[in-house]
>>> print(open('entry.csv').read())   # CSV, C-alpha atoms
chain,number,residue,atom,x,y,z
O,1,MET,CA,118.4,76.0,108.2
O,2,ALA,CA,118.8,77.1,111.8
O,3,ARG,CA,116.0,76.1,114.0
O,4,THR,CA,114.1,78.9,115.8
O,5,ARG,CA,113.9,78.4,119.5
O,6,VAL,CA,110.6,79.7,120.8
O,7,ARG,CA,109.9,79.9,124.5
O,8,PHE,CA,106.8,81.0,126.3
O,9,ALA,CA,107.3,82.7,129.6
O,10,PRO,CA,105.8,80.2,132.1
O,11,LEU,CA,104.1,81.8,135.1
O,12,VAL,CA,105.3,79.3,137.7
O,13,ALA,CA,108.9,79.3,136.6
O,14,LEU,CA,109.1,83.0,136.2
O,15,ALA,CA,107.4,83.6,139.5
O,16,ALA,CA,110.5,82.0,141.1
O,17,LEU,CA,112.7,84.4,139.2
O,18,SER,CA,110.7,87.5,139.9
O,19,GLY,CA,112.5,88.1,143.2
O,20,ALA,CA,115.9,87.3,141.8
O,21,VAL,CA,115.8,89.2,138.5
O,22,PRO,CA,115.7,93.0,138.8
O,23,LEU,CA,113.1,94.8,136.7
O,24,LEU,CA,114.8,98.0,135.8
O,25,ALA,CA,112.6,101.0,135.1
O,26,GLY,CA,113.0,104.2,133.2
O,27,CYS,CA,114.3,102.9,129.8
O,28,GLY,CA,112.5,105.3,127.5
O,29,SER,CA,111.0,104.4,124.0
O,30,GLY,CA,111.6,102.3,121.0
O,31,ASP,CA,114.2,104.8,119.9
O,32,SER,CA,116.3,104.3,123.0
O,33,PRO,CA,119.9,103.1,122.7
O,34,GLY,CA,120.3,99.4,122.4
O,35,PRO,CA,122.4,96.7,120.8
O,36,GLU,CA,123.1,97.7,117.2
O,37,ASN,CA,123.6,94.9,114.6
O,38,ALA,CA,123.1,92.3,117.3
O,39,GLY,CA,123.4,89.6,114.7
O,40,ALA,CA,126.9,90.7,113.7
O,41,GLY,CA,130.0,88.7,114.7
O,42,GLY,CA,127.9,85.6,115.3
O,43,HIS,CA,125.9,86.9,118.2
O,44,LYS,CA,122.3,85.8,117.9
O,45,PRO,CA,119.9,88.4,119.2
O,46,VAL,CA,117.7,87.4,122.1
O,47,VAL,CA,114.2,88.7,121.5
O,48,VAL,CA,111.2,89.0,123.9
O,49,ALA,CA,107.9,89.5,122.1
O,50,THR,CA,104.6,90.4,123.7
O,51,THR,CA,102.5,88.0,121.5
O,52,THR,CA,103.0,85.4,118.8
O,53,TRP,CA,102.3,88.1,116.2
O,54,GLU,CA,105.4,90.1,117.2
O,55,GLY,CA,107.2,86.9,117.7
O,56,ALA,CA,106.4,85.8,114.1
O,57,PHE,CA,107.8,89.0,112.7
O,58,ALA,CA,110.9,88.5,114.8
O,59,LYS,CA,111.3,84.9,113.5
O,60,ALA,CA,110.7,86.0,109.9
O,61,ALA,CA,113.4,88.6,110.3
O,62,GLY,CA,115.9,86.0,111.4
O,63,ALA,CA,115.7,85.9,115.2
O,64,GLU,CA,116.3,82.3,116.5
O,65,ASP,CA,115.9,82.9,120.3
O,66,VAL,CA,112.4,84.3,120.8
O,67,THR,CA,110.4,84.4,124.0
O,68,VAL,CA,106.7,85.1,123.9
O,69,ILE,CA,105.0,86.6,126.9
O,70,VAL,CA,101.2,86.2,126.1
O,71,PRO,CA,100.3,82.6,125.7
O,72,PRO,CA,98.8,81.7,122.3
O,73,SER,CA,95.8,80.3,124.1
O,74,VAL,CA,94.7,83.8,125.1
O,75,HIS,CA,92.1,84.6,122.4
O,76,HIS,CA,92.2,88.3,122.8
O,77,ALA,CA,95.8,89.2,123.5
O,78,PRO,CA,95.3,92.9,124.4
O,79,ASP,CA,93.2,91.8,127.3
O,80,TYR,CA,96.0,89.9,128.9
O,81,ASP,CA,97.4,91.4,132.1
O,82,PRO,CA,101.1,90.5,132.4
O,83,LYS,CA,102.3,89.7,135.9
O,84,PRO,CA,105.6,91.0,137.2
O,85,SER,CA,106.9,87.4,136.9
O,86,ASP,CA,106.0,87.4,133.2
O,87,LEU,CA,108.1,90.4,132.6
O,88,ALA,CA,111.3,89.0,134.2
O,89,ALA,CA,112.3,87.6,130.8
O,90,VAL,CA,113.0,91.0,129.4
O,91,ALA,CA,116.0,91.4,131.7
O,92,LYS,CA,118.1,89.1,129.4
O,93,ALA,CA,116.8,90.4,126.1
O,94,ASP,CA,118.6,92.3,123.4
O,95,PHE,CA,115.2,93.5,122.0
O,96,VAL,CA,111.7,93.7,123.4
O,97,LEU,CA,109.0,93.8,120.7
O,98,TYR,CA,105.5,95.2,121.4
O,99,ALA,CA,102.6,96.9,119.7
O,100,PRO,CA,101.1,100.3,120.7
O,101,PHE,CA,97.5,99.0,120.9
O,102,GLU,CA,98.5,96.6,123.7
O,103,PRO,CA,97.5,98.3,127.0
O,104,TYR,CA,100.3,96.5,128.8
O,105,ALA,CA,103.0,98.1,126.6
O,106,ALA,CA,103.7,100.6,129.4
O,107,LYS,CA,104.5,97.7,131.8
O,108,ILE,CA,106.8,96.2,129.2
O,109,LYS,CA,108.6,99.5,129.0
O,110,GLU,CA,109.0,99.7,132.7
O,111,ALA,CA,110.2,96.2,132.9
O,112,ALA,CA,112.9,96.4,130.2
O,113,GLY,CA,116.4,96.4,131.4
O,114,SER,CA,119.0,99.0,130.3
O,115,LYS,CA,120.4,96.5,127.8
O,116,ALA,CA,117.2,95.8,125.9
O,117,ARG,CA,116.1,97.9,123.0
O,118,LEU,CA,112.4,98.5,122.9
O,119,VAL,CA,111.0,98.1,119.4
O,120,GLU,CA,107.4,99.1,118.5
O,121,VAL,CA,106.2,96.7,115.7
O,122,ASN,CA,103.8,97.7,113.0
O,123,LEU,CA,101.6,94.6,113.0
O,124,ASP,CA,100.1,94.5,109.6
O,125,ASN,CA,99.8,91.3,107.5
O,126,GLU,CA,99.4,93.2,104.2
O,127,PRO,CA,102.3,91.6,102.3
O,128,ALA,CA,104.1,94.8,101.3
O,129,ARG,CA,103.9,96.3,104.8
O,130,ALA,CA,104.8,92.9,106.4
O,131,GLY,CA,107.8,92.6,104.2
O,132,ALA,CA,109.0,96.1,104.9
O,133,GLU,CA,108.6,95.6,108.7
O,134,VAL,CA,110.5,92.3,108.6
O,135,ALA,CA,113.3,94.0,106.6
O,136,ARG,CA,113.4,96.8,109.2
O,137,LEU,CA,113.7,94.2,112.1
O,138,GLY,CA,116.4,92.3,110.2
O,139,GLY,CA,118.4,95.5,110.0
O,140,LEU,CA,118.0,96.0,113.8
O,141,PHE,CA,118.9,92.4,114.5
O,142,GLY,CA,121.8,92.2,112.0
O,143,THR,CA,120.0,89.4,110.2
O,144,GLU,CA,119.3,91.2,106.9
O,145,ASP,CA,120.1,88.1,104.7
O,146,ALA,CA,117.6,86.0,106.6
O,147,ALA,CA,114.9,88.7,106.4
O,148,GLU,CA,115.5,89.0,102.7
O,149,ARG,CA,115.1,85.3,102.2
O,150,TRP,CA,111.9,85.3,104.1
O,151,LYS,CA,110.6,88.2,102.0
O,152,THR,CA,111.3,86.1,98.8
O,153,ARG,CA,109.3,83.3,100.3
O,154,LEU,CA,106.4,85.6,101.3
O,155,ASP,CA,106.2,87.0,97.7
O,156,GLY,CA,106.1,83.5,96.3
O,157,GLU,CA,103.5,82.3,98.8
O,158,VAL,CA,101.2,85.3,98.2
O,159,ALA,CA,101.4,85.0,94.4
O,160,LYS,CA,100.6,81.3,94.7
O,161,LEU,CA,97.6,81.8,97.1
O,162,ASN,CA,96.3,84.7,95.1
O,163,GLY,CA,96.3,82.7,91.9
O,164,GLU,CA,94.5,79.8,93.6
O,165,LEU,CA,91.9,82.0,95.2
O,166,GLU,CA,91.1,83.8,91.9
O,167,SER,CA,90.7,80.5,90.3
O,168,ALA,CA,88.1,79.7,93.0
O,169,TRP,CA,86.0,82.8,92.5
O,170,PRO,CA,82.3,81.8,92.3
O,171,GLY,CA,81.1,82.3,88.7
O,172,GLY,CA,84.6,83.5,87.8
O,173,ARG,CA,83.9,87.0,89.2
O,174,SER,CA,85.7,88.9,92.0
O,175,PRO,CA,83.6,88.3,95.2
O,176,VAL,CA,82.1,91.4,96.9
O,177,VAL,CA,83.2,91.6,100.5
O,178,VAL,CA,82.9,93.7,103.7
O,179,THR,CA,85.9,93.3,105.9
O,180,GLN,CA,87.0,94.2,109.4
O,181,VAL,CA,89.7,96.9,109.2
O,182,PHE,CA,92.5,94.6,110.4
O,183,THR,CA,91.6,91.8,108.0
O,184,ALA,CA,91.5,93.8,104.8
O,185,TRP,CA,94.8,92.1,103.7
O,186,ALA,CA,92.8,88.9,103.3
O,187,ALA,CA,90.4,90.5,100.9
O,188,ASP,CA,93.3,91.7,98.8
O,189,LEU,CA,94.9,88.2,99.0
O,190,ALA,CA,91.7,86.8,97.4
O,191,GLY,CA,91.4,89.6,94.8
O,192,ALA,CA,88.1,90.4,96.3
O,193,THR,CA,86.1,93.7,95.7
O,194,THR,CA,85.9,95.4,99.1
O,195,VAL,CA,82.8,97.6,99.3
O,196,GLY,CA,83.0,98.5,103.0
O,197,THR,CA,84.9,98.1,106.3
O,198,TYR,CA,84.0,98.1,109.9
O,199,GLY,CA,85.6,98.2,113.4
O,200,PRO,CA,87.5,98.2,115.5
O,201,GLU,CA,84.7,100.1,117.3
O,202,PRO,CA,81.2,98.4,117.5
O,203,VAL,CA,79.1,98.5,114.4
O,204,THR,CA,76.3,101.0,114.8
O,205,PRO,CA,72.8,100.4,113.4
O,206,SER,CA,73.3,103.0,110.8
O,207,ARG,CA,76.6,101.5,109.7
O,208,LEU,CA,75.0,98.1,109.7
O,209,ALA,CA,72.3,99.2,107.4
O,210,SER,CA,74.9,100.9,105.1
O,211,LEU,CA,77.0,97.8,104.9
O,212,SER,CA,74.1,95.5,104.3
O,213,ALA,CA,72.8,97.7,101.5
O,214,LYS,CA,76.0,97.0,99.6
O,215,ARG,CA,74.9,93.4,99.4
O,216,PRO,CA,78.3,91.7,100.1
O,217,ALA,CA,78.7,88.0,99.5
O,218,TYR,CA,81.1,87.6,102.4
O,219,VAL,CA,82.1,89.4,105.6
O,220,LEU,CA,85.7,88.9,106.6
O,221,ASP,CA,85.7,88.9,110.4
O,222,ASN,CA,88.7,89.3,112.7
O,223,ALA,CA,88.9,86.1,114.7
O,224,HIS,CA,90.7,87.9,117.6
O,225,MET,CA,88.2,90.8,117.8
O,226,SER,CA,85.0,89.1,116.8
O,227,THR,CA,81.7,90.5,118.1
O,228,GLY,CA,79.6,87.7,116.6
O,229,THR,CA,77.7,87.8,113.3
O,230,VAL,CA,78.3,91.2,111.8
O,231,LEU,CA,75.5,91.4,109.1
O,232,PRO,CA,73.0,88.8,110.4
O,233,ASP,CA,70.2,89.6,108.0
O,234,SER,CA,72.2,90.3,104.9
O,235,GLY,CA,72.7,86.7,103.7
O,236,ALA,CA,76.5,87.3,103.6
O,237,ARG,CA,78.7,84.4,104.6
O,238,GLN,CA,81.0,85.3,107.4
O,239,VAL,CA,84.6,84.1,107.1
O,240,ARG,CA,86.9,83.9,110.1
O,241,ILE,CA,90.3,85.4,109.5
O,242,ALA,CA,93.1,85.1,112.1
O,243,ASN,CA,96.0,87.5,112.3
O,244,TYR,CA,98.0,85.8,115.0
O,245,PRO,CA,100.2,82.8,114.3
O,246,GLY,CA,100.4,79.8,116.5
O,247,GLU,CA,103.1,78.5,118.7
O,248,ASP,CA,105.4,77.8,115.7
O,249,LEU,CA,105.5,81.6,115.0
O,250,ASP,CA,105.1,80.9,111.3
O,251,LEU,CA,103.7,84.1,109.7
O,252,LEU,CA,103.3,82.4,106.3
O,253,ALA,CA,100.9,79.9,107.9
O,254,VAL,CA,98.6,82.8,108.6
O,255,TYR,CA,98.3,83.5,104.9
O,256,ARG,CA,97.7,79.9,104.1
O,257,ALA,CA,95.1,79.6,106.8
O,258,ALA,CA,93.2,82.6,105.6
O,259,ALA,CA,93.3,81.3,102.0
O,260,ALA,CA,91.9,78.0,103.2
O,261,GLU,CA,89.0,79.7,105.0
O,262,LEU,CA,88.3,81.8,101.9
O,263,ARG,CA,88.4,78.8,99.5
O,264,LYS,CA,86.0,77.0,101.8
O,265,ALA,CA,83.6,79.9,101.9
O,266,MET,CA,83.7,80.4,98.1
O,267,ALA,CA,83.2,76.6,97.5
O,268,GLY,CA,80.0,76.8,99.5
O,269,ALA,CA,78.6,79.8,97.6
>>> encode(input="entry.csv", output="structure tokens")
Amino acid sequence: MARTRVRFAPLVALAALSGAVPLLAGCGSGDSPGPENAGAGGHKPVVVATTTWEGAFAKAAGAEDVTVIVPPSVHHAPDYDPKPSDLAAVAKADFVLYAPFEPYAAKIKEAAGSKARLVEVNLDNEPARAGAEVARLGGLFGTEDAAERWKTRLDGEVAKLNGELESAWPGGRSPVVVTQVFTAWAADLAGATTVGTYGPEPVTPSRLASLSAKRPAYVLDNAHMSTGTVLPDSGARQVRIANYPGEDLDLLAVYRAAAAELRKAMAGA
């Protein structure tokens, strides 16, 4: 199996490049012309991803040369403010992957050279949507076979984790949960019964009362958008769910980590 080469844009090194590498503006949107079937003929697509989440989708789709701009140590990636030196890496890219909720997406667009194709990624870990997005990226990269193999692995991993979590249900019954809108996929992974969602906006007192009244056993909180204890007086156990992968850009590890947190919570019920 080919090894994915993951690079993180270092500030000091790229600062030296910022004066030498032109940042070409005016390149349009994700539908702009770009390298079609970049993986064809043995050419391996060069991908720049804004965060490890986009980078993980690229890796799953078969990309082997992936540069990530926002360091994984940044807990809330949308708050990161890329410097011009950070964006120099896009000049050599075939594809630049970003998400629309990232406020620096406009800077990414301005920095992309005429060669790079800008691709807006649908960041959703719900397995069916994640698989569809990986397949789409594989089509863009010319790495369809790799994307299909990853989708097969995803299906097997999700089925395995779902079975393990259902076996761990307290009392053998589907747990009742409230979940942050971007971690609902984890509730589905556990086969949980979702009785309410919250976010991404702050939880109002009336919404808090409404969610507490549903008497959830667990609250699935988004680790990257946490506002602290969501239902402090409800008795619900709060479970930390992470959407972003680590430096290895292993998206399957995100599912395994979520399952581990859920098993731990249910074992303590």
>>> residues_around(input="entry.csv", residues="region 94-105 of chain O", least_positions_apart="6", cutoff="8 Å", atoms="all atoms listed in the file", output="PyMOL selection string")
chain O and resi 34-35+38+45-51+54-55+77-82+112+115-123
>>> residues_around(input="entry.csv", residues="Ala184 (chain O)", least_positions_apart="6", cutoff="10 Å", atoms="all atoms listed in the file", output="list in words")
Asp124, Asn125, Glu126, Val177, Val178, Ala192, Thr194, Gly196, Thr197, Leu220, Asp221, Asn222 and Ile241 of chain O
>>> write_last_selection(input="entry.csv", atoms="C-alpha atoms", output="PDB file, in the frame of the given file")
ATOM      1  CA  ASP O 124     100.100  94.500 109.600  1.00  0.00           C
ATOM      2  CA  ASN O 125      99.800  91.300 107.500  1.00  0.00           C
ATOM      3  CA  GLU O 126      99.400  93.200 104.200  1.00  0.00           C
ATOM      4  CA  VAL O 177      83.200  91.600 100.500  1.00  0.00           C
ATOM      5  CA  VAL O 178      82.900  93.700 103.700  1.00  0.00           C
ATOM      6  CA  ALA O 192      88.100  90.400  96.300  1.00  0.00           C
ATOM      7  CA  THR O 194      85.900  95.400  99.100  1.00  0.00           C
ATOM      8  CA  GLY O 196      83.000  98.500 103.000  1.00  0.00           C
ATOM      9  CA  THR O 197      84.900  98.100 106.300  1.00  0.00           C
ATOM     10  CA  LEU O 220      85.700  88.900 106.600  1.00  0.00           C
ATOM     11  CA  ASP O 221      85.700  88.900 110.400  1.00  0.00           C
ATOM     12  CA  ASN O 222      88.700  89.300 112.700  1.00  0.00           C
ATOM     13  CA  ILE O 241      90.300  85.400 109.500  1.00  0.00           C
TER      14      ILE O 241
END
>>> residues_around(input="entry.csv", residues="Trp53 (chain O)", least_positions_apart="5", cutoff="8 Å", atoms="all atoms listed in the file", output="ChimeraX atom specification")
/O:123,243-245,249,251
>>> residues_around(input="entry.csv", residues="Ala257 (chain O)", least_positions_apart="4", cutoff="10 Å", atoms="all atoms listed in the file", output="tab-separated table (two decimals) with C-alpha atoms, in the frame of the given file")
chain	number	residue	atom	x	y	z
O	240	ARG	CA	86.90	83.90	110.10
O	241	ILE	CA	90.30	85.40	109.50
O	242	ALA	CA	93.10	85.10	112.10
O	243	ASN	CA	96.00	87.50	112.30
O	245	PRO	CA	100.20	82.80	114.30
O	252	LEU	CA	103.30	82.40	106.30
O	253	ALA	CA	100.90	79.90	107.90
O	261	GLU	CA	89.00	79.70	105.00
O	262	LEU	CA	88.30	81.80	101.90
O	263	ARG	CA	88.40	78.80	99.50
>>> atom_distance(input="entry.csv", atom1="CA of Ala146 (chain O)", atom2="CA of Lys59 (chain O)")
9.4 Å
>>> closest_residue(input="entry.csv", among="O:Pro216, O:Leu87, O:Asp145, O:Lys107", to="Gly62 (chain O)", atoms="only C-alpha atoms")
O:Asp145
>>> closest_residue(input="entry.csv", among="O:Gly142, O:Val66, O:Tyr255, O:Val195", to="Pro127 (chain O)", atoms="all atoms listed in the file")
O:Tyr255
>>> decode(input="entry.csv", residues="region 80-110 of chain O", atoms="N, CA and C atoms", output="PDB file, in the first residue's frame")
ATOM      1  N   TYR O  80      -8.620  29.990  13.119  1.00  0.00           N
ATOM      2  CA  TYR O  80      -7.239  30.193  12.675  1.00  0.00           C
ATOM      3  C   TYR O  80      -7.189  31.264  11.593  1.00  0.00           C
ATOM      4  N   ASP O  81      -6.197  32.117  11.666  1.00  0.00           N
ATOM      5  CA  ASP O  81      -6.035  33.187  10.686  1.00  0.00           C
ATOM      6  C   ASP O  81      -4.782  32.919   9.864  1.00  0.00           C
ATOM      7  N   PRO O  82      -4.920  32.328   8.678  1.00  0.00           N
ATOM      8  CA  PRO O  82      -3.741  31.995   7.885  1.00  0.00           C
ATOM      9  C   PRO O  82      -2.954  33.251   7.499  1.00  0.00           C
ATOM     10  N   LYS O  83      -1.652  33.132   7.585  1.00  0.00           N
ATOM     11  CA  LYS O  83      -0.768  34.199   7.157  1.00  0.00           C
ATOM     12  C   LYS O  83      -0.455  34.021   5.678  1.00  0.00           C
ATOM     13  N   PRO O  84      -0.029  35.074   4.998  1.00  0.00           N
ATOM     14  CA  PRO O  84       0.322  34.912   3.577  1.00  0.00           C
ATOM     15  C   PRO O  84       1.332  33.796   3.353  1.00  0.00           C
ATOM     16  N   SER O  85       2.257  33.623   4.303  1.00  0.00           N
ATOM     17  CA  SER O  85       3.249  32.559   4.151  1.00  0.00           C
ATOM     18  C   SER O  85       2.615  31.179   4.224  1.00  0.00           C
ATOM     19  N   ASP O  86       1.543  31.036   5.001  1.00  0.00           N
ATOM     20  CA  ASP O  86       0.841  29.747   5.071  1.00  0.00           C
ATOM     21  C   ASP O  86       0.262  29.363   3.720  1.00  0.00           C
ATOM     22  N   LEU O  87      -0.171  30.371   2.981  1.00  0.00           N
ATOM     23  CA  LEU O  87      -0.902  30.121   1.750  1.00  0.00           C
ATOM     24  C   LEU O  87       0.003  29.895   0.558  1.00  0.00           C
ATOM     25  N   ALA O  88       1.314  30.057   0.734  1.00  0.00           N
ATOM     26  CA  ALA O  88       2.234  29.870  -0.379  1.00  0.00           C
ATOM     27  C   ALA O  88       2.172  28.457  -0.939  1.00  0.00           C
ATOM     28  N   ALA O  89       1.830  27.489  -0.105  1.00  0.00           N
ATOM     29  CA  ALA O  89       1.815  26.087  -0.539  1.00  0.00           C
ATOM     30  C   ALA O  89       0.827  25.849  -1.672  1.00  0.00           C
ATOM     31  N   VAL O  90      -0.203  26.675  -1.784  1.00  0.00           N
ATOM     32  CA  VAL O  90      -1.224  26.399  -2.794  1.00  0.00           C
ATOM     33  C   VAL O  90      -0.705  26.621  -4.205  1.00  0.00           C
ATOM     34  N   ALA O  91       0.386  27.351  -4.341  1.00  0.00           N
ATOM     35  CA  ALA O  91       0.901  27.641  -5.675  1.00  0.00           C
ATOM     36  C   ALA O  91       1.312  26.380  -6.420  1.00  0.00           C
ATOM     37  N   LYS O  92       1.698  25.331  -5.689  1.00  0.00           N
ATOM     38  CA  LYS O  92       2.149  24.089  -6.325  1.00  0.00           C
ATOM     39  C   LYS O  92       1.077  23.010  -6.329  1.00  0.00           C
ATOM     40  N   ALA O  93      -0.100  23.341  -5.864  1.00  0.00           N
ATOM     41  CA  ALA O  93      -1.135  22.319  -5.709  1.00  0.00           C
ATOM     42  C   ALA O  93      -1.908  22.078  -6.994  1.00  0.00           C
ATOM     43  N   ASP O  94      -2.386  20.848  -7.134  1.00  0.00           N
ATOM     44  CA  ASP O  94      -3.363  20.540  -8.175  1.00  0.00           C
ATOM     45  C   ASP O  94      -4.767  20.861  -7.677  1.00  0.00           C
ATOM     46  N   PHE O  95      -4.990  20.617  -6.373  1.00  0.00           N
ATOM     47  CA  PHE O  95      -6.296  20.842  -5.772  1.00  0.00           C
ATOM     48  C   PHE O  95      -6.124  21.538  -4.424  1.00  0.00           C
ATOM     49  N   VAL O  96      -7.038  22.446  -4.129  1.00  0.00           N
ATOM     50  CA  VAL O  96      -7.087  23.100  -2.823  1.00  0.00           C
ATOM     51  C   VAL O  96      -8.457  22.806  -2.230  1.00  0.00           C
ATOM     52  N   LEU O  97      -8.472  22.128  -1.089  1.00  0.00           N
ATOM     53  CA  LEU O  97      -9.720  21.710  -0.443  1.00  0.00           C
ATOM     54  C   LEU O  97     -10.020  22.612   0.748  1.00  0.00           C
ATOM     55  N   TYR O  98     -11.273  23.052   0.839  1.00  0.00           N
ATOM     56  CA  TYR O  98     -11.687  23.930   1.923  1.00  0.00           C
ATOM     57  C   TYR O  98     -13.155  23.684   2.233  1.00  0.00           C
ATOM     58  N   ALA O  99     -13.620  24.245   3.349  1.00  0.00           N
ATOM     59  CA  ALA O  99     -15.031  24.141   3.729  1.00  0.00           C
ATOM     60  C   ALA O  99     -15.633  25.540   3.793  1.00  0.00           C
ATOM     61  N   PRO O 100     -16.900  25.694   3.441  1.00  0.00           N
ATOM     62  CA  PRO O 100     -17.506  27.027   3.385  1.00  0.00           C
ATOM     63  C   PRO O 100     -17.634  27.709   4.733  1.00  0.00           C
ATOM     64  N   PHE O 101     -17.669  26.930   5.841  1.00  0.00           N
ATOM     65  CA  PHE O 101     -17.830  27.573   7.151  1.00  0.00           C
ATOM     66  C   PHE O 101     -16.516  28.131   7.686  1.00  0.00           C
ATOM     67  N   GLU O 102     -15.427  27.897   6.984  1.00  0.00           N
ATOM     68  CA  GLU O 102     -14.146  28.430   7.412  1.00  0.00           C
ATOM     69  C   GLU O 102     -14.008  29.870   6.925  1.00  0.00           C
ATOM     70  N   PRO O 103     -13.909  30.847   7.824  1.00  0.00           N
ATOM     71  CA  PRO O 103     -13.912  32.245   7.418  1.00  0.00           C
ATOM     72  C   PRO O 103     -12.714  32.648   6.578  1.00  0.00           C
ATOM     73  N   TYR O 104     -11.662  31.813   6.584  1.00  0.00           N
ATOM     74  CA  TYR O 104     -10.490  32.137   5.785  1.00  0.00           C
ATOM     75  C   TYR O 104     -10.583  31.544   4.375  1.00  0.00           C
ATOM     76  N   ALA O 105     -11.734  30.961   4.021  1.00  0.00           N
ATOM     77  CA  ALA O 105     -11.871  30.373   2.687  1.00  0.00           C
ATOM     78  C   ALA O 105     -11.617  31.398   1.595  1.00  0.00           C
ATOM     79  N   ALA O 106     -12.040  32.647   1.829  1.00  0.00           N
ATOM     80  CA  ALA O 106     -11.813  33.691   0.826  1.00  0.00           C
ATOM     81  C   ALA O 106     -10.323  33.912   0.593  1.00  0.00           C
ATOM     82  N   LYS O 107      -9.531  33.843   1.668  1.00  0.00           N
ATOM     83  CA  LYS O 107      -8.087  34.005   1.513  1.00  0.00           C
ATOM     84  C   LYS O 107      -7.496  32.844   0.732  1.00  0.00           C
ATOM     85  N   ILE O 108      -8.031  31.641   0.982  1.00  0.00           N
ATOM     86  CA  ILE O 108      -7.565  30.478   0.241  1.00  0.00           C
ATOM     87  C   ILE O 108      -7.843  30.678  -1.240  1.00  0.00           C
ATOM     88  N   LYS O 109      -9.032  31.171  -1.560  1.00  0.00           N
ATOM     89  CA  LYS O 109      -9.397  31.394  -2.954  1.00  0.00           C
ATOM     90  C   LYS O 109      -8.472  32.415  -3.616  1.00  0.00           C
ATOM     91  N   GLU O 110      -8.180  33.493  -2.896  1.00  0.00           N
ATOM     92  CA  GLU O 110      -7.323  34.531  -3.448  1.00  0.00           C
ATOM     93  C   GLU O 110      -5.906  34.023  -3.674  1.00  0.00           C
TER      94      GLU O 110
END
